[in-house]
Structure formats: C-alpha cells, structure tokens
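One file, data.tsv, is given below (TSV, C-alpha atoms).
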```
chain	number	residue	atom	x	y	z
A	20	MET	CA	138.72	92.87	95.96
A	21	TYR	CA	139.65	91.46	92.55
A	22	ILE	CA	140.25	87.90	93.71
A	23	LYS	CA	137.18	85.69	93.96
A	24	SER	CA	138.76	82.40	95.13
A	25	LEU	CA	141.73	80.15	94.61
A	26	ALA	CA	141.41	78.85	91.02
A	27	HIS	CA	144.08	76.14	91.10
A	28	VAL	CA	147.48	75.16	92.41
A	29	CYS	CA	149.88	73.55	89.94
A	30	ILE	CA	152.19	70.79	91.14
A	31	HIS	CA	154.83	69.05	89.07
A	32	SER	CA	154.73	65.31	89.67
A	33	SER	CA	157.41	62.67	89.35
A	34	ASP	CA	154.73	59.91	89.59
A	35	LEU	CA	151.30	60.74	88.18
A	36	GLU	CA	149.81	57.37	89.13
A	37	ALA	CA	150.80	57.65	92.82
A	38	THR	CA	149.66	61.28	92.81
A	39	LEU	CA	146.24	60.40	91.39
A	40	LYS	CA	145.83	57.60	93.94
A	41	PHE	CA	146.81	59.85	96.88
A	42	TYR	CA	144.49	62.71	95.96
A	43	CYS	CA	141.53	60.65	94.71
A	44	GLU	CA	141.59	57.56	96.94
A	45	GLY	CA	143.25	59.20	99.93
A	46	LEU	CA	141.52	62.58	99.90
A	47	GLY	CA	138.37	61.78	97.93
A	48	MET	CA	138.93	64.30	95.15
A	49	ARG	CA	137.71	63.58	91.64
A	50	LYS	CA	139.47	63.93	88.33
A	51	GLN	CA	138.03	66.76	86.24
A	52	PHE	CA	140.03	66.09	83.06
A	53	ASP	CA	143.36	64.88	81.66
A	54	PHE	CA	146.05	66.78	79.78
A	55	THR	CA	147.34	64.68	76.89
A	56	ARG	CA	150.11	64.97	74.34
A	57	GLN	CA	149.99	62.67	71.31
A	58	GLY	CA	147.44	60.48	73.11
A	59	ARG	CA	149.50	60.07	76.30
A	60	VAL	CA	148.32	61.50	79.63
A	61	ILE	CA	150.91	64.03	80.85
A	62	GLY	CA	148.80	65.65	83.57
A	63	PHE	CA	145.34	66.16	84.99
A	64	TYR	CA	143.01	68.52	86.83
A	65	LEU	CA	141.36	67.48	90.10
A	66	GLN	CA	138.26	69.02	91.65
A	67	ALA	CA	139.11	70.35	95.12
A	68	GLY	CA	135.67	71.83	95.90
A	69	ASN	CA	133.51	74.61	94.47
A	70	HIS	CA	135.50	76.03	91.55
A	71	THR	CA	138.93	75.25	93.01
A	72	PHE	CA	141.25	72.75	91.35
A	73	LEU	CA	144.64	71.11	91.67
A	74	GLU	CA	146.60	70.83	88.43
A	75	PHE	CA	149.36	68.24	87.97
A	76	PHE	CA	151.89	67.76	85.17
A	77	GLU	CA	154.66	65.21	84.84
A	78	LYS	CA	157.76	67.09	85.90
A	79	SER	CA	159.45	66.27	82.58
A	80	GLU	CA	156.42	67.60	80.66
A	81	ALA	CA	156.20	71.02	82.32
A	82	PRO	CA	155.42	73.72	79.74
A	83	ALA	CA	158.53	75.36	78.25
A	84	GLY	CA	159.54	78.57	79.96
A	85	LYS	CA	157.51	77.81	83.09
A	86	PRO	CA	159.02	77.07	86.52
A	87	SER	CA	159.55	73.34	87.01
A	88	GLY	CA	159.91	73.04	90.80
A	89	ASN	CA	157.28	71.88	93.23
A	90	LEU	CA	155.87	74.40	95.72
A	91	ALA	CA	156.44	75.10	99.43
A	92	HIS	CA	152.97	74.17	100.66
A	93	PHE	CA	149.29	74.86	100.27
A	94	CYS	CA	146.34	74.53	102.59
A	95	LEU	CA	142.91	73.00	102.08
A	96	GLU	CA	139.94	73.76	104.32
A	97	THR	CA	137.85	70.90	105.72
A	98	GLU	CA	134.82	70.69	107.96
A	99	ALA	CA	135.72	67.18	109.17
A	100	ILE	CA	139.37	67.26	110.18
A	101	GLU	CA	139.32	64.24	112.51
A	102	ALA	CA	137.44	62.08	109.98
A	103	LEU	CA	139.82	63.09	107.18
A	104	HIS	CA	142.82	62.42	109.41
A	105	GLN	CA	141.53	58.91	110.24
A	106	HIS	CA	140.67	58.21	106.60
A	107	LEU	CA	144.23	59.00	105.53
A	108	ILE	CA	145.67	56.73	108.22
A	109	GLN	CA	143.34	53.90	107.18
A	110	ALA	CA	144.39	54.44	103.54
A	111	GLY	CA	148.02	53.84	104.55
A	112	TYR	CA	149.29	57.43	104.68
A	113	GLU	CA	151.08	59.10	107.59
A	114	PRO	CA	149.59	62.49	108.41
A	115	GLY	CA	150.94	64.51	111.30
A	116	PRO	CA	148.82	64.97	114.43
A	117	VAL	CA	145.73	67.17	114.54
A	118	THR	CA	146.52	70.24	116.65
A	119	LEU	CA	144.80	73.46	117.66
A	120	GLU	CA	147.20	76.19	116.61
A	121	CYS	CA	147.82	79.79	117.60
A	122	ASP	CA	145.31	81.05	115.01
A	123	ASN	CA	142.61	79.02	116.84
A	124	SER	CA	142.20	76.68	113.86
A	125	TYR	CA	142.69	72.93	113.89
A	126	GLN	CA	145.29	71.66	111.48
A	127	PHE	CA	147.43	68.75	110.40
A	128	TRP	CA	150.15	68.32	107.81
A	129	ILE	CA	150.97	65.66	105.23
A	130	THR	CA	153.36	65.27	102.30
A	131	ASP	CA	152.13	64.07	98.92
A	132	PRO	CA	154.01	61.61	96.65
A	133	ASN	CA	155.79	64.55	94.97
A	134	GLY	CA	157.29	65.90	98.20
A	135	VAL	CA	154.79	68.78	98.43
A	136	HIS	CA	153.92	69.68	102.02
A	137	PHE	CA	150.41	70.82	102.70
A	138	GLU	CA	148.11	71.38	105.58
A	139	PHE	CA	144.43	70.99	106.31
A	140	HIS	CA	142.55	73.60	108.33
A	141	GLN	CA	139.27	73.35	110.14
A	142	TYR	CA	138.13	76.73	111.32
A	143	THR	CA	136.56	77.24	114.75
A	144	PRO	CA	134.32	80.12	115.85
A	145	LYS	CA	137.49	81.77	117.25
A	146	SER	CA	139.68	81.28	114.13
A	147	ALA	CA	141.67	84.39	113.21
A	148	GLN	CA	140.86	83.74	109.55
A	149	LEU	CA	137.20	84.49	110.30
A	150	HIS	CA	137.88	87.61	112.37
A	151	GLN	CA	140.83	89.24	110.59
A	152	GLU	CA	142.83	89.18	113.81
A	153	ASN	CA	146.61	89.24	114.07
A	154	VAL	CA	148.19	86.08	115.42
A	155	ALA	CA	151.24	85.87	117.67
A	156	VAL	CA	153.03	82.74	116.49
A	157	ASN	CA	154.25	80.24	119.01
A	158	TRP	CA	156.87	78.43	116.90
```

Show how you would write the structure in this file as structure tokens.
Amino acid sequence: MYIKSLAHVCIHSSDLEATLKFYCEGLGMRKQFDFTRQGRVIGFYLQAGNHTFLEFFEKSEAPAGKPSGNLAHFCLETEAIEALHQHLIQAGYEPGPVTLECDNSYQFWITDPNGVHFEFHQYTPKSAQLHQENVAVNW
C-alpha cells in the first residue's frame, strides 16, 4: 500500500478564532504553526495525533485555483469516547449521543464552527475496521 496515514484535512473557516477555540480548548488539540500573509494570520495547522494534522485557512484566503468549499465530514479515532463526549458538553458544545453502530464501533457526531460535520470513533474488539468485514447498514 502506498498510503501510510492521513496527513491532513483542510477546512476553510469563516471564523479562525472560534475554530481555534473549538479544536484546541474543546478537543485538546495543539497548534503546530500559523500561516501568515504580510504578518497577518490567515490559517494554521493543528496536531491531531501522530503525524496527522488539520489545516485551516480563512475562507477568503484560500489559495487561488483551489476549491473553496468546506468538506462533507471526517472522522477522528479516540480511545476515550465517553470522556471526550462529556468534555465537549462541559465546554459548552452540543455533540450528538454516543451510539454503538452497525460496524460495531462507538461513535458520536458534532459540527464545528465552520459547519463541517465530523464523527469520532472508538473501536471495539468486534469493529469491522479491525477485521476487514463488510457491514450491512441499518440507516
């Protein structure tokens, strides 16, 4: 396989300050570096674990010729789904409920300040992701 891991996901933001607060204070990520133009911060990189990052740019500062929409969703793996869920609630956010889904993984969903939907997964010993098993969806 040529792919080693997810390198980064790029999200265009309409509010960098709210985005930074959500991902750093809400989710506990840390800023890796800023993107600047003429001394003004126009984006940043956040550490999402190992060598995986989230990249954000002000929507109006998206590089020329590149798509400028947000994305459908992305998923982050956690080993403490209930604790993360409670932390987000205590931080004032409104995550969806934690559920055990048809792939035998626990998950919940949340929307960031940019309208990007994403989910958190916590794998179980029966998770299809660990066994390369097909999953019959129930939705």

Wanna dump the range 49-112 of chain A-range 126-149 of chain A contacts at 6 Å for me, each residue with its shortest atom pair and the distance in Å to one decimal, counting only C-alpha atoms, ordered by chain and number, as a tab-separated table?
```
residue	atom	partner	partner_atom	distance
A:His92	CA	A:Phe137	CA	4.7
A:Phe93	CA	A:Phe137	CA	4.8
A:Cys94	CA	A:Glu138	CA	4.7
A:Leu95	CA	A:Phe139	CA	4.9
A:Glu96	CA	A:His140	CA	4.8
A:Thr97	CA	A:Gln141	CA	5.2
A:Glu98	CA	A:Gln141	CA	5.6
```

Of the residues A:Val28, A:Ala102, A:Val154, A:Leu35, which is the one nearest to Lys78 in chain A, using all atoms listed in the file?
A:Leu35

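Checking A:Leu107, A:Gly62, A:Asp34, A:Leu73 one by one against Met48 in chain A, counting all atoms listed in the file, you find the shortest gap at A:Leu73.
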
I want to know what sits within 7 Å of His104 in chain A, based on all atoms listed in the file, with residues of the same chain fewer than 4 positions away left out; could you give that as an MDAnalysis selection string?
chainID A and resid 100 108 114

A:Gly58, A:Ala99, A:Gly45, A:His106: which is nearest Tyr125 in chain A, counting only C-alpha atoms?
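Result for the nearest residue to Tyr125 in chain A: A:Ala99.
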
Please provide the set of residues having any atom within 8 Å of Gln66 in chain A, restricted to only C-alpha atoms, with same-chain residues fewer than 5 positions apart removed, written as a ChimeraX atom specification.
/A:48-51,71-73

Go ahead and save the residues from that selection, with C-alpha atoms, as a short mmCIF file (atom, residue, chain, number, x, y, z; two decimals), in the frame of the given file.
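This went into result.cif:
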```
data_model
loop_
_atom_site.label_atom_id
_atom_site.label_comp_id
_atom_site.auth_asym_id
_atom_site.auth_seq_id
_atom_site.Cartn_x
_atom_site.Cartn_y
_atom_site.Cartn_z
CA MET A 48 138.93 64.30 95.15
CA ARG A 49 137.71 63.58 91.64
CA LYS A 50 139.47 63.93 88.33
CA GLN A 51 138.03 66.76 86.24
CA THR A 71 138.93 75.25 93.01
CA PHE A 72 141.25 72.75 91.35
CA LEU A 73 144.64 71.11 91.67
#
```

Using all atoms listed in the file: which of A:Ala67, A:Arg56, A:Ile61, A:Glu77 has the shortest distance to Cys43 in chain A
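Of A:Ala67, A:Arg56, A:Ile61, A:Glu77, the one nearest Cys43 in chain A, counting all atoms listed in the file, is A:Ala67.
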
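CA of His27 in chain A sits 6.5 Å away from CA of Glu74 in chain A.
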
With all atoms of range 41-58 of chain A from the file as input, state the centre and edge lengths in Å to one decimal of the axis-aligned box that has 5 Å extra on each side, as JSON.
```
{"center_x": 143.9, "center_y": 62.2, "center_z": 85.6, "size_x": 22.4, "size_y": 19.2, "size_z": 38.6}
```

Residues within 6 Å of (141.9, 64.0, 87.1), file coords, all atoms listed in the file, listed as a PyMOL selection string
chain A and resi 50-53+63-65

Record the distance separating CA of His31 in chain A and CA of Glu101 in chain A, expressed in Å with one decimal.
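Going from CA of His31 in chain A over to CA of Glu101 in chain A covers 28.5 Å.
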
From A:Ala26, A:Leu46, A:Gly68, A:Phe76, residue lying nearest Gly111 in chain A [all atoms listed in the file]:
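Of A:Ala26, A:Leu46, A:Gly68, A:Phe76, the one nearest Gly111 in chain A is A:Leu46, counting all atoms listed in the file.
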
For each of A:Ala37, A:Leu103, A:Cys121, A:Cys29, take the minimum atom-to-atom distance to Asn89 in chain A, counting all atoms listed in the file, then give the residue where this is smallest.
A:Cys29

Could you state the separation of CA of Ser124 in chain A and CA of Phe41 in chain A in Å, given to one decimal place?
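Separation of CA of Ser124 in chain A and CA of Phe41 in chain A: 24.3 Å.
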